[in-house]
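Quick look at work_33.txt (compact mmCIF, C-alpha atoms):
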# COMPACT_ATOMS: atom_id res chain seq x y z
CA MET A 801 22.77 -29.81 -7.54
CA SER A 802 23.19 -29.99 -3.76
CA ASP A 803 26.61 -30.33 -2.20
CA VAL A 804 25.69 -33.76 -0.81
CA LEU A 805 24.04 -36.45 -2.96
CA ILE A 806 21.64 -38.21 -0.61
CA ARG A 807 19.34 -39.98 -3.10
CA ARG A 808 20.26 -42.97 -5.24
CA VAL A 809 18.51 -44.70 -8.12
CA VAL A 810 19.86 -47.96 -9.59
CA ARG A 811 18.62 -49.50 -12.84
CA ASP A 812 19.47 -52.82 -14.48
CA ALA A 813 20.51 -53.11 -18.10
CA ALA A 814 21.54 -55.81 -20.54
CA TRP A 815 25.20 -56.74 -20.74
CA VAL A 816 27.55 -54.66 -22.87
CA GLU A 817 31.33 -54.96 -22.75
CA PRO A 818 32.54 -52.03 -20.64
CA VAL A 819 35.55 -51.22 -22.80
CA THR A 820 33.24 -50.66 -25.79
CA VAL A 821 31.21 -48.15 -23.76
CA ALA A 822 34.37 -46.36 -22.67
CA ALA A 823 35.51 -46.25 -26.29
CA GLY A 824 32.22 -44.69 -27.34
CA LEU A 825 32.47 -41.99 -24.68
CA ALA A 826 36.13 -41.35 -25.56
CA ALA A 827 35.09 -40.59 -29.12
CA GLY A 828 33.58 -37.35 -27.80
CA ASP A 829 35.53 -34.70 -25.93
CA GLY A 830 36.80 -37.27 -23.42
CA ASP A 831 37.38 -34.80 -20.59
CA GLY A 832 36.27 -36.34 -17.30
CA LEU A 833 36.10 -39.86 -18.73
CA LEU A 834 36.69 -42.64 -16.22
CA ALA A 835 37.17 -46.32 -17.02
CA LEU A 836 38.06 -48.77 -14.25
CA LEU A 837 38.17 -52.13 -15.94
CA SER A 838 38.62 -55.42 -14.09
CA GLY A 839 40.79 -57.69 -16.17
CA GLY A 840 39.26 -56.54 -19.41
CA GLY A 841 36.30 -58.86 -18.90
CA SER A 842 38.11 -61.67 -17.08
CA GLY A 843 34.85 -63.12 -15.78
CA GLU A 844 35.40 -61.80 -12.28
CA GLY A 845 35.02 -58.55 -10.41
CA TRP A 846 33.43 -55.27 -11.36
CA SER A 847 34.23 -52.63 -13.94
CA HIS A 848 33.03 -49.03 -13.84
CA VAL A 849 32.62 -46.38 -16.54
CA ALA A 850 31.57 -42.79 -15.91
CA ALA A 851 31.78 -39.32 -17.39
CA GLY A 852 30.76 -35.79 -16.49
CA PRO A 853 31.90 -35.35 -12.88
CA ASP A 854 30.01 -32.61 -11.06
CA ARG A 855 32.72 -31.89 -8.48
CA VAL A 856 36.46 -31.81 -9.12
CA GLN A 857 39.12 -30.88 -6.57
CA ILE A 858 42.77 -30.72 -7.57
CA GLY A 859 45.69 -29.34 -5.69
CA PRO A 860 48.32 -29.51 -3.00
CA VAL A 861 47.49 -30.81 0.44
CA GLU A 862 49.16 -30.65 3.80
CA GLU A 863 51.00 -33.89 4.50
CA ALA A 864 49.41 -34.24 7.94
CA ALA A 865 45.93 -33.88 6.45
CA MET A 866 46.37 -35.40 3.00
CA PHE A 867 43.10 -37.34 2.98
CA ASP A 868 40.94 -34.95 5.01
CA ALA A 869 38.74 -34.25 1.99
CA LEU A 870 37.53 -37.87 2.15
CA ARG A 871 35.84 -37.04 5.47
CA ASP A 872 33.67 -34.46 3.71
CA PRO A 873 30.30 -36.02 2.78
CA VAL A 874 30.51 -34.11 -0.50
CA PHE A 875 33.09 -36.67 -1.62
CA GLY A 876 31.08 -39.76 -0.76
CA ALA A 877 29.94 -42.65 -2.94
CA GLY A 878 30.84 -42.19 -6.59
CA THR A 879 34.08 -40.34 -5.84
CA VAL A 880 37.29 -41.26 -7.63
CA GLY A 881 40.66 -40.11 -6.34
CA LEU A 882 44.31 -40.21 -7.30
CA ALA A 883 46.92 -39.77 -4.58
CA ALA A 884 50.41 -39.01 -5.90
CA TYR A 885 53.30 -40.98 -4.44
CA ASP A 886 55.36 -37.88 -3.64
CA ALA A 887 52.69 -36.35 -1.42
CA GLY A 888 52.64 -39.46 0.73
CA ALA A 889 56.44 -39.67 0.87
CA ARG A 890 56.91 -36.04 1.87
CA ALA A 891 57.21 -36.76 5.61
CA ALA A 892 60.38 -38.71 4.79
CA THR A 893 61.74 -36.79 1.81
CA GLY A 894 60.78 -33.20 2.56
CA ARG A 895 59.20 -31.02 -0.10
CA ARG A 896 60.52 -31.72 -3.59
CA GLU A 897 59.54 -30.52 -7.06
CA THR A 898 55.83 -31.06 -7.64
CA VAL A 899 55.35 -32.95 -10.91
CA TRP A 900 51.73 -34.01 -10.35
CA PRO A 901 48.95 -32.76 -8.05
CA ASP A 902 49.09 -34.26 -4.58
CA LEU A 903 45.46 -35.32 -4.67
CA MET A 904 42.86 -35.30 -7.44
CA LEU A 905 39.21 -35.98 -6.60
CA ALA A 906 36.17 -36.14 -8.88
CA ARG A 907 32.60 -37.02 -7.97
CA TYR A 908 30.45 -38.84 -10.52
CA PRO A 909 26.67 -38.58 -9.97
CA ALA A 910 26.15 -41.01 -12.88
CA MET A 911 28.05 -44.28 -13.23
CA LEU A 912 27.78 -47.61 -15.00
CA SER A 913 28.94 -50.69 -13.08
CA PHE A 914 29.54 -53.99 -14.85
CA ASP A 915 29.29 -57.26 -12.93
CA HIS A 916 31.47 -59.65 -14.95
CA ARG A 917 30.40 -62.77 -13.09
CA ALA A 918 26.63 -62.21 -13.38
CA ARG A 919 26.92 -60.47 -16.79
CA ARG A 920 24.73 -57.59 -15.73
CA VAL A 921 25.04 -53.80 -15.85
CA LEU A 922 23.86 -51.40 -13.16
CA ALA A 923 23.23 -47.74 -13.94
CA THR A 924 23.50 -45.66 -10.77
CA GLY A 925 22.30 -42.11 -10.42
CA ARG A 926 22.82 -39.91 -7.37
CA GLY A 927 21.28 -36.55 -6.58
CA ALA A 928 19.92 -34.25 -3.92
CA THR A 929 16.39 -35.39 -4.80
CA ALA A 930 14.85 -38.56 -6.18
CA ALA A 931 14.16 -36.74 -9.46
CA GLU A 932 17.79 -35.70 -9.81
CA ALA A 933 18.99 -39.22 -9.04
CA LYS A 934 16.59 -40.66 -11.65
CA ALA A 935 17.85 -38.19 -14.26
CA GLU A 936 21.46 -39.22 -13.55
CA ALA A 937 20.58 -42.93 -13.81
CA ASP A 938 18.93 -42.20 -17.15
CA ARG A 939 22.06 -40.36 -18.27
CA ALA A 940 24.20 -43.36 -17.40
CA LEU A 941 21.85 -45.72 -19.26
CA GLY A 942 22.19 -43.53 -22.32
CA TRP A 943 25.92 -44.21 -22.47
CA LEU A 944 25.26 -47.84 -23.34
CA ALA A 945 23.98 -46.73 -26.74
CA THR A 946 27.35 -45.11 -27.50
CA ALA A 947 29.25 -48.44 -27.34
CA ARG A 948 31.37 -48.93 -30.41
CA PRO A 949 33.36 -51.83 -31.89
CA LEU A 950 37.01 -51.84 -30.96
CA ASP A 951 39.82 -51.29 -33.41
CA THR A 952 43.40 -51.64 -32.23
CA PRO A 953 44.97 -48.19 -32.59
CA ALA A 954 48.40 -47.82 -34.14
CA PRO A 955 51.25 -47.29 -31.67
CA PRO A 956 50.54 -43.74 -30.49
CA ALA A 957 53.97 -42.64 -29.20
CA GLU A 958 56.64 -40.93 -31.28
CA THR A 959 59.38 -41.56 -28.72
CA PHE A 960 60.19 -43.82 -25.77
CA GLN A 961 63.33 -42.52 -24.13
CA ALA A 962 65.09 -43.84 -21.03
CA GLU A 963 65.75 -41.01 -18.59
CA ALA A 964 69.08 -42.57 -17.56
CA ASP A 965 71.19 -45.38 -18.94
CA ALA A 966 71.03 -48.89 -17.55
CA ALA A 967 74.47 -48.51 -15.95
CA ALA A 968 73.13 -45.74 -13.73
CA TYR A 969 70.34 -48.01 -12.54
CA ARG A 970 72.76 -50.83 -11.78
CA ALA A 971 74.86 -48.38 -9.78
CA ALA A 972 71.78 -47.31 -7.81
CA VAL A 973 70.99 -50.95 -7.02
CA ALA A 974 74.55 -51.54 -5.87
CA ASP A 975 74.36 -48.48 -3.61
CA VAL A 976 71.13 -49.71 -2.01
CA VAL A 977 72.65 -53.16 -1.46
CA GLY A 978 75.54 -51.43 0.30
CA ARG A 979 73.16 -49.45 2.49
CA ILE A 980 71.36 -52.65 3.42
CA ALA A 981 74.68 -54.31 4.33
CA ALA A 982 75.44 -51.30 6.54
CA GLY A 983 72.19 -51.79 8.43
CA GLU A 984 70.45 -48.67 7.11
CA LEU A 985 67.38 -50.57 5.86
CA PHE A 986 66.18 -53.99 4.73
CA GLN A 987 64.60 -53.28 1.34
CA ALA A 988 63.93 -50.41 -1.06
CA ASN A 989 62.00 -50.34 -4.31
CA VAL A 990 64.13 -48.39 -6.80
CA ALA A 991 62.77 -47.47 -10.23
CA ARG A 992 63.82 -46.45 -13.72
CA GLY A 993 61.92 -43.89 -15.79
CA TRP A 994 61.05 -43.48 -19.47
CA SER A 995 59.32 -40.56 -21.13
CA GLY A 996 58.25 -39.27 -24.52
CA ARG A 997 55.39 -37.75 -26.45
CA LEU A 998 52.45 -38.98 -28.49
CA ARG A 999 51.88 -38.28 -32.15
CA PRO A 1000 49.86 -35.08 -32.71
CA GLU A 1001 46.73 -37.04 -33.68
CA ALA A 1002 47.05 -39.60 -30.86
CA ASP A 1003 45.41 -39.66 -27.45
CA PRO A 1004 46.23 -41.43 -24.14
CA PHE A 1005 43.08 -43.49 -24.61
CA ASP A 1006 44.84 -45.19 -27.52
CA VAL A 1007 47.42 -46.51 -25.06
CA PHE A 1008 44.66 -47.77 -22.80
CA LEU A 1009 42.94 -49.62 -25.65
CA ARG A 1010 46.18 -51.27 -26.71
CA LEU A 1011 46.76 -52.49 -23.17
CA GLN A 1012 43.22 -53.80 -22.90
CA GLN A 1013 43.70 -56.09 -25.88
CA ASP A 1014 45.56 -59.23 -24.77
CA ARG A 1015 47.39 -57.51 -21.91
CA ALA A 1016 44.54 -56.38 -19.65
CA SER A 1017 45.16 -56.43 -15.90
CA LEU A 1018 42.98 -56.76 -12.80
CA PHE A 1019 43.02 -53.00 -12.16
CA GLY A 1020 43.20 -51.48 -15.61
CA ALA A 1021 42.25 -47.81 -15.58
CA TYR A 1022 41.91 -44.72 -17.71
CA TRP A 1023 41.11 -41.35 -16.20
CA ARG A 1024 41.26 -37.92 -17.77
CA ILE A 1025 40.71 -34.62 -16.03
CA GLY A 1026 41.44 -31.62 -18.22
CA ASP A 1027 44.98 -31.72 -19.59
CA ARG A 1028 46.04 -34.65 -17.40
CA ALA A 1029 45.35 -38.31 -18.03
CA LEU A 1030 46.33 -41.56 -16.40
CA VAL A 1031 46.63 -44.99 -18.01
CA SER A 1032 47.21 -47.91 -15.66
CA ASN A 1033 47.60 -51.61 -16.25
CA SER A 1034 48.12 -52.44 -12.58
CA PRO A 1035 47.65 -55.99 -11.29
CA GLU A 1036 47.97 -54.93 -7.65
CA LEU A 1037 45.31 -54.24 -5.04
CA PHE A 1038 46.49 -51.73 -2.46
CA LEU A 1039 43.41 -51.74 -0.22
CA SER A 1040 39.80 -52.83 -0.29
CA PHE A 1041 37.29 -52.07 2.44
CA ASP A 1042 33.84 -53.58 2.95
CA SER A 1043 32.04 -51.06 5.15
CA VAL A 1044 29.35 -53.56 6.22
CA ALA A 1045 31.63 -56.44 7.22
CA ARG A 1046 34.36 -53.93 8.28
CA ARG A 1047 36.83 -56.10 6.35
CA ILE A 1048 40.09 -54.60 5.09
CA GLU A 1049 42.19 -56.46 2.54
CA ALA A 1050 45.60 -55.77 1.01
CA ARG A 1051 47.35 -57.91 -1.61
CA PRO A 1052 50.99 -56.81 -1.85
CA ILE A 1053 53.08 -58.03 -4.79
CA LYS A 1054 56.77 -58.81 -4.44
CA GLY A 1055 58.62 -61.29 -6.66
CA THR A 1056 58.54 -61.45 -10.46
CA ARG A 1057 59.43 -63.81 -13.29
CA PRO A 1058 58.77 -63.34 -17.02
CA ARG A 1059 56.19 -65.45 -18.86
CA ASP A 1060 57.31 -67.84 -21.61
CA ALA A 1061 55.42 -69.00 -24.69
CA ASP A 1062 56.54 -72.58 -24.05
CA PRO A 1063 54.21 -74.06 -21.39
CA ALA A 1064 56.90 -76.20 -19.79
CA ARG A 1065 59.32 -73.30 -19.56
CA ASP A 1066 56.56 -71.04 -18.29
CA ALA A 1067 55.68 -73.49 -15.51
CA ALA A 1068 59.35 -73.83 -14.60
CA LEU A 1069 59.66 -70.06 -14.23
CA ALA A 1070 56.64 -70.01 -11.89
CA ASP A 1071 58.12 -72.87 -9.85
CA ASP A 1072 61.44 -71.04 -9.64
CA LEU A 1073 59.65 -67.97 -8.29
CA VAL A 1074 57.91 -69.94 -5.55
CA ALA A 1075 61.17 -71.67 -4.58
CA SER A 1076 63.27 -68.49 -4.52
CA ALA A 1077 64.43 -67.67 -0.98
CA LYS A 1078 65.23 -64.11 -2.11
CA ASP A 1079 61.77 -63.44 -3.53
CA ARG A 1080 60.03 -65.03 -0.55
CA ALA A 1081 62.06 -62.90 1.85
CA GLU A 1082 61.30 -59.79 -0.21
CA ASN A 1083 57.59 -60.60 -0.14
CA LEU A 1084 57.56 -61.41 3.58
CA MET A 1085 59.16 -58.08 4.50
CA ILE A 1086 56.33 -56.22 2.78
CA VAL A 1087 53.69 -58.50 4.31
CA ASP A 1088 55.03 -57.56 7.75
CA LEU A 1089 55.03 -53.88 6.78
CA MET A 1090 51.41 -54.08 5.60
CA ARG A 1091 50.42 -55.88 8.82
CA ASN A 1092 51.84 -52.96 10.78
CA ASP A 1093 50.15 -50.37 8.56
CA LEU A 1094 46.73 -52.05 8.74
CA ALA A 1095 47.02 -52.47 12.52
CA ARG A 1096 46.85 -48.68 12.86
CA ALA A 1097 43.24 -48.72 11.69
CA SER A 1098 42.12 -52.17 12.88
CA GLU A 1099 40.68 -53.92 15.88
CA PRO A 1100 43.49 -55.26 18.08
CA GLY A 1101 44.44 -58.80 17.15
CA SER A 1102 42.40 -58.84 13.93
CA VAL A 1103 45.24 -58.61 11.38
CA ARG A 1104 45.74 -61.91 9.55
CA VAL A 1105 47.86 -63.23 6.69
CA GLU A 1106 45.30 -65.27 4.75
CA ARG A 1107 47.51 -66.22 1.82
CA LEU A 1108 51.30 -66.23 1.60
CA PHE A 1109 53.51 -66.56 -1.51
CA ALA A 1110 50.77 -67.36 -4.03
CA VAL A 1111 51.66 -67.20 -7.72
CA GLU A 1112 49.50 -64.99 -9.94
CA ARG A 1113 49.90 -65.27 -13.70
CA HIS A 1114 49.60 -62.15 -15.84
CA PRO A 1115 50.09 -61.68 -19.59
CA THR A 1116 53.80 -60.82 -19.36
CA VAL A 1117 54.86 -61.84 -15.82
CA HIS A 1118 54.37 -64.22 -12.92
CA HIS A 1119 54.02 -62.45 -9.56
CA LEU A 1120 54.31 -63.61 -5.96
CA VAL A 1121 51.29 -62.25 -4.08
CA SER A 1122 50.21 -62.42 -0.44
CA THR A 1123 46.90 -61.42 1.17
CA VAL A 1124 46.65 -59.52 4.45
CA THR A 1125 43.27 -58.86 6.07
CA ALA A 1126 41.97 -57.07 9.16
CA THR A 1127 38.78 -55.83 10.81
CA ALA A 1128 38.50 -52.04 10.85
CA ARG A 1129 37.90 -50.25 14.13
CA THR A 1130 34.59 -48.46 14.61
CA GLY A 1131 34.71 -45.06 12.95
CA VAL A 1132 37.37 -46.01 10.42
CA GLY A 1133 36.60 -45.17 6.82
CA PRO A 1134 38.49 -44.42 3.59
CA ALA A 1135 40.35 -41.41 5.01
CA GLU A 1136 41.69 -43.31 8.01
CA LEU A 1137 42.64 -46.36 5.93
CA MET A 1138 44.58 -44.30 3.41
CA GLU A 1139 46.28 -42.30 6.15
CA ALA A 1140 47.40 -45.48 7.90
CA SER A 1141 48.88 -47.14 4.80
CA PHE A 1142 49.83 -44.65 2.08
CA PRO A 1143 52.13 -44.86 0.15
CA PRO A 1144 51.88 -48.63 -0.43
CA GLY A 1145 54.57 -50.66 1.27
CA SER A 1146 55.22 -52.84 -1.78
CA ILE A 1147 56.66 -49.89 -3.71
CA THR A 1148 58.56 -48.23 -0.86
CA GLY A 1149 60.39 -50.81 1.25
CA ALA A 1150 61.23 -51.52 4.86
CA PRO A 1151 61.45 -49.66 7.12
CA LYS A 1152 59.12 -47.51 5.04
CA HIS A 1153 60.31 -44.07 6.19
CA GLN A 1154 63.99 -44.83 5.55
CA ALA A 1155 63.22 -46.59 2.27
CA MET A 1156 61.46 -43.47 0.96
CA LYS A 1157 64.53 -41.37 1.84
CA VAL A 1158 66.80 -43.78 -0.03
CA ILE A 1159 64.44 -43.80 -3.04
CA ALA A 1160 64.53 -39.99 -3.14
CA ALA A 1161 68.33 -40.09 -3.22
CA HIS A 1162 68.21 -42.07 -6.47
CA GLU A 1163 65.03 -40.92 -8.24
CA PRO A 1164 63.41 -37.66 -9.27
CA PRO A 1165 59.82 -37.24 -8.04
CA ARG A 1166 57.58 -40.10 -9.18
CA GLY A 1167 54.29 -38.25 -9.70
CA PRO A 1168 51.29 -40.57 -10.02
CA TRP A 1169 53.41 -43.69 -10.49
CA CYS A 1170 53.25 -45.88 -7.36
CA GLY A 1171 50.59 -43.66 -5.89
CA SER A 1172 47.03 -44.97 -5.73
CA LEU A 1173 43.84 -44.68 -7.76
CA PHE A 1174 40.76 -45.31 -5.66
CA LEU A 1175 36.97 -45.50 -5.85
CA ILE A 1176 34.63 -44.82 -2.94
CA GLY A 1177 31.41 -46.83 -2.91
CA GLU A 1178 28.27 -47.03 -0.84
CA GLY A 1179 28.70 -46.54 2.88
CA GLY A 1180 32.40 -45.78 2.51
CA ASP A 1181 33.42 -48.94 0.67
CA LEU A 1182 36.86 -48.50 -0.88
CA THR A 1183 38.85 -50.08 -3.69
CA ALA A 1184 42.37 -48.71 -4.22
CA SER A 1185 45.02 -49.95 -6.61
CA VAL A 1186 48.79 -49.52 -6.57
CA LEU A 1187 49.72 -47.49 -9.64
CA ILE A 1188 52.42 -49.75 -11.05
CA ARG A 1189 52.45 -50.45 -14.84
CA THR A 1190 51.17 -46.88 -15.13
CA ALA A 1191 51.85 -43.83 -17.27
CA GLY A 1192 50.93 -40.24 -16.46
CA PHE A 1193 50.13 -37.89 -19.36
CA GLU A 1194 50.07 -34.10 -19.59
CA ARG A 1195 48.98 -32.08 -22.63
CA LYS A 1196 51.09 -29.03 -23.42
CA ASP A 1197 50.78 -26.95 -26.57
CA GLY A 1198 48.33 -29.49 -27.95
CA VAL A 1199 50.68 -32.48 -27.57
CA TRP A 1200 50.39 -35.24 -24.98
CA ARG A 1201 53.63 -36.04 -23.16
CA TYR A 1202 54.01 -39.02 -20.87
CA ARG A 1203 56.22 -40.52 -18.19
CA THR A 1204 56.26 -44.12 -16.99
CA LEU A 1205 58.44 -46.13 -14.60
CA ALA A 1206 59.27 -49.65 -13.53
CA GLY A 1207 60.97 -50.68 -10.31
CA ALA A 1208 62.34 -53.63 -8.42
CA GLY A 1209 62.57 -54.46 -4.74
CA ILE A 1210 66.24 -54.37 -3.73
CA VAL A 1211 67.33 -56.65 -0.88
CA ALA A 1212 70.68 -57.79 0.55
CA ASP A 1213 71.42 -60.36 -2.15
CA SER A 1214 70.09 -58.41 -5.13
CA ASP A 1215 72.14 -58.60 -8.31
CA PRO A 1216 72.19 -55.24 -10.17
CA ALA A 1217 72.00 -56.86 -13.61
CA GLY A 1218 69.16 -59.12 -12.51
CA GLU A 1219 67.16 -56.21 -11.09
CA GLU A 1220 67.70 -54.25 -14.30
CA ALA A 1221 66.35 -57.23 -16.28
CA GLU A 1222 63.30 -57.35 -14.01
CA THR A 1223 62.45 -53.72 -14.77
CA ASP A 1224 62.73 -54.48 -18.50
CA VAL A 1225 60.17 -57.29 -18.11
CA LYS A 1226 57.84 -55.08 -16.09
CA ILE A 1227 57.89 -52.20 -18.57
CA SER A 1228 57.46 -54.42 -21.64
CA ALA A 1229 53.65 -54.24 -21.92
CA MET A 1230 53.56 -50.46 -21.47
CA ARG A 1231 56.44 -49.99 -23.93
CA GLU A 1232 54.70 -52.08 -26.56
CA ALA A 1233 51.42 -50.23 -26.00
CA LEU A 1234 53.19 -46.92 -26.50
CA ILE A 1235 55.76 -47.57 -29.20
CA GLY A 1236 54.80 -50.96 -30.64
CA ARG A 1237 57.97 -52.86 -29.81
Any chance you could give the structure as structure tokens?
Amino acid sequence: MSDVLIRRVVRDAAWVEPVTVAAGLAAGDGDGLLALLSGGGSGEGWSHVAAGPDRVQIGPVEEAAMFDALRDPVFGAGTVGLAAYDAGARAATGRRETVWPDLMLARYPAMLSFDHRARRVLATGRGATAAEAKAEADRALGWLATARPLDTPAPPAETFQAEADAAAYRAAVADVVGRIAAGELFQANVARGWSGRLRPEADPFDVFLRLQQDRASLFGAYWRIGDRALVSNSPELFLSFDSVARRIEARPIKGTRPRDADPARDAALADDLVASAKDRAENLMIVDLMRNDLARASEPGSVRVERLFAVERHPTVHHLVSTVTATARTGVGPAELMEASFPPGSITGAPKHQAMKVIAAHEPPRGPWCGSLFLIGEGGDLTASVLIRTAGFERKDGVWRYRTLAGAGIVADSDPAGEEAETDVKISAMREALIGR
């Protein structure tokens, strides 16, 4: 197949739930499987399932040219990428231990896309010729026949071990509060880590399936390349880009409350979040940071805050979410947008450079967590999530080992015990998916 896929064939198909197609493909070898599922069938958005990438690029990159590969037409529409947090933070932290590749890219000449609103499926094939594109579209259509009923797997993890005790996290929060009081920074997102291994017969896809049932998020994802896999239950959009309208959108999350089974108590928790001066200030700092980041790639004067302090309800938490938009300058595409904004401001802090230095003083390298998983569409369209509620997996000696994290935005009036409790709420869905409790 040619280096550049210039032909495209799109075919319609009858509706099938995307997670059942992903489950059918996972029953095979599973290497190269991609599942980007929007809310587990929430009735909105698009989901995508693909397998058999024809181009894969994995490895270190130079910090100054981290996203240069996205300028290569080889990695055009149908490309999926994962940018590790540590690669983006390197300008502030210096080179640290590499625990995950800086950038992973895979190009999928065949892909199924599921329109939840219209209840339709599109099979897209790309190739150097019309015949090749048709063959790839046919291959994608064939995946629909592999769909299989879903069974909830047993908890797949043998262990779920905190990497440090809660007291150490509270001490880290107190240190950051002190740094803020000294004028070193305004906010930093500091995280706790957990790790463990899966049972010998288990697979990371089991974790993904457990998250998809009753806990599915807006940017749920499973991606496996060789002996690495990623499972994400992220609710957060980092960036979207409409290449025709030139519209950029970011939806940073800052501010969290747990959900409650009692409707009155649940509503009261949401109201408390909206009324919280601390959470609103935390959110506003990141909104301002994202405005500055987007301005680097946008038409002057086009950056807008379209929605401020809106409550989004997820299976285990309420979140405070704002929406920042802009109009991209001529010539700006996925590479320029990622360069202007990565890593996401919501999981670093403000000022971003100093926040990343402070984070590095308290955390080992993060790997994929709080990096970004992104999909490039036609004409350079882009959808990129923030990899929170995410676990990275590596298979060694036939056993899958994982690491996952949860963080909280630390500001001047943060209470260490309260921030610790917030991380417990945030990790709860992933913990239950892994260990069952």
From the set A:Pro909, A:Leu1182, A:Phe1008, A:Ala940, which residue has the shortest atom-to-atom contact distance to Asp1042 of chain A, counting only C-alpha atoms?
->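 Result for the nearest residue to Asp1042 of chain A: A:Leu1182.
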With all atoms listed in the file as the atoms that count, which of A:Thr946, A:Gln1154, A:Thr929, A:Thr1183 lies nearest to Val976 of chain A?
-> A:Gln1154
Tell me, as a PDB file with C-alpha atoms, in the frame of the given file, which residues lie within 6 Å of segment 1215-1222 of chain A, counting all atoms listed in the file; anything in the same chain fewer than 2 positions away does not count.
ATOM      1  CA  ARG A 970      72.760 -50.830 -11.780  1.00  0.00           C
ATOM      2  CA  VAL A 973      70.990 -50.950  -7.020  1.00  0.00           C
ATOM      3  CA  ASP A1224      62.730 -54.480 -18.500  1.00  0.00           C
ATOM      4  CA  VAL A1225      60.170 -57.290 -18.110  1.00  0.00           C
TER       5      VAL A1225
END
Kindly indicate which residue among A:Ala1075, A:Ala1150, A:Ala1016, A:Leu834 lies nearest to Val1087 of chain A, using only C-alpha atoms for the distances.
-> A:Ala1150
At most 8 Å is the cut-off: for each residue in segment 1103-1209 of chain A with any atom that close to an atom of segment 869-886 of chain A, write down the nearest atom pair and the distance in Å rounded to one decimal, counting only C-alpha atoms, chain first then increasing number, as JSON lines.
{"residue": "A:Pro1134", "atom": "CA", "partner": "A:Leu870", "partner_atom": "CA", "distance": 6.8}
{"residue": "A:Ala1135", "atom": "CA", "partner": "A:Leu870", "partner_atom": "CA", "distance": 5.4}
{"residue": "A:Pro1143", "atom": "CA", "partner": "A:Tyr885", "partner_atom": "CA", "distance": 6.1}
{"residue": "A:Pro1165", "atom": "CA", "partner": "A:Asp886", "partner_atom": "CA", "distance": 6.3}
{"residue": "A:Arg1166", "atom": "CA", "partner": "A:Asp886", "partner_atom": "CA", "distance": 6.4}
{"residue": "A:Gly1167", "atom": "CA", "partner": "A:Ala884", "partner_atom": "CA", "distance": 5.5}
{"residue": "A:Pro1168", "atom": "CA", "partner": "A:Ala884", "partner_atom": "CA", "distance": 4.5}
{"residue": "A:Trp1169", "atom": "CA", "partner": "A:Tyr885", "partner_atom": "CA", "distance": 6.6}
{"residue": "A:Cys1170", "atom": "CA", "partner": "A:Tyr885", "partner_atom": "CA", "distance": 5.7}
{"residue": "A:Gly1171", "atom": "CA", "partner": "A:Tyr885", "partner_atom": "CA", "distance": 4.1}
{"residue": "A:Ser1172", "atom": "CA", "partner": "A:Ala883", "partner_atom": "CA", "distance": 5.3}
{"residue": "A:Leu1173", "atom": "CA", "partner": "A:Leu882", "partner_atom": "CA", "distance": 4.5}
{"residue": "A:Phe1174", "atom": "CA", "partner": "A:Gly881", "partner_atom": "CA", "distance": 5.2}
{"residue": "A:Leu1175", "atom": "CA", "partner": "A:Val880", "partner_atom": "CA", "distance": 4.6}
{"residue": "A:Ile1176", "atom": "CA", "partner": "A:Ala877", "partner_atom": "CA", "distance": 5.2}
{"residue": "A:Gly1177", "atom": "CA", "partner": "A:Ala877", "partner_atom": "CA", "distance": 4.4}
{"residue": "A:Glu1178", "atom": "CA", "partner": "A:Ala877", "partner_atom": "CA", "distance": 5.1}
{"residue": "A:Gly1179", "atom": "CA", "partner": "A:Ala877", "partner_atom": "CA", "distance": 7.1}
{"residue": "A:Gly1180", "atom": "CA", "partner": "A:Ala877", "partner_atom": "CA", "distance": 6.7}
Minimum-distance residue to Pro1000 of chain A, chosen among A:Ala1021, A:Leu1084, A:Val1199, A:Ala968 (using all atoms listed in the file) =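 Nearest candidate to Pro1000 of chain A out of A:Ala1021, A:Leu1084, A:Val1199, A:Ala968: A:Val1199.
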Work out how far apart atom CA of Leu825 of chain A and atom CA of Trp994 of chain A are and give it in Å to one decimal.
->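 Between these atoms lies a distance of 29.1 Å.
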Between A:Glu936, A:Asp1079, A:Glu1099, A:Asp902, which one has atoms that come closest to Gly852 of chain A, using all atoms listed in the file?
->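 Closest to Gly852 of chain A of all the choices is A:Glu936.
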Correct to one decimal, the distance atom CA of Glu1136 of chain A-atom CA of Val804 of chain A is 20.6 Å
Using all atoms listed in the file, which of the listed residues (A:Ala910, A:Val809, A:Leu1037, A:Met904) sits closest to Val849 of chain A?
->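 Using all atoms listed in the file, Val849 of chain A sits closest to A:Ala910.
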Polymer residues at most 12 Å from (34.7, -38.9, -28.2) by only C-alpha atoms, as a ChimeraX atom specification = /A:821-833,851,943,946-948,1003,1005-1006
Residues at most 9 Å from Gly845 of chain A, counting all atoms listed in the file, excluding those fewer than 6 positions away in the same chain, as a list of chain:residue names?
->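 Near Gly845 of chain A, the qualifying residues are A:Ser838, A:Gly839, A:Phe914, A:Asp915, A:His916, A:Arg917, A:Leu1018.
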With 4 Å of padding per side, what axis-aligned box (centre and edge lengths, Å, one decimal) covers all the listed atoms of segment 1105-1109 of chain A? Give it as AutoDock Vina command-line options.
--center_x 49.4 --center_y -64.9 --center_z 2.6 --size_x 16.2 --size_y 11.3 --size_z 16.2
Please identify all polymer residues within 8 Å of Leu941 of chain A, counting only C-alpha atoms, omitting same-chain residues fewer than 6 positions from it, and present them as JSON, numbers by chain.
-> {"A": [813, 912, 923]}
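The coordinates place atom CA of Arg1129 of chain A at 13.8 Å from atom CA of Glu1049 of chain A.
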Nearby residues (all atoms listed in the file) at most 6 Å from Phe1193 of chain A, same-chain spacing under 3 positions excluded, as an mmCIF file with C-alpha atoms, keeping the file's coordinate frame:
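In the end it all went to part.cif:
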data_model
loop_
_atom_site.group_PDB
_atom_site.id
_atom_site.type_symbol
_atom_site.label_atom_id
_atom_site.label_comp_id
_atom_site.auth_asym_id
_atom_site.auth_seq_id
_atom_site.Cartn_x
_atom_site.Cartn_y
_atom_site.Cartn_z
ATOM 1 C CA ARG A 1028 46.040 -34.650 -17.400
ATOM 2 C CA ALA A 1029 45.350 -38.310 -18.030
ATOM 3 C CA ARG A 1201 53.630 -36.040 -23.160
ATOM 4 C CA TYR A 1202 54.010 -39.020 -20.870
#
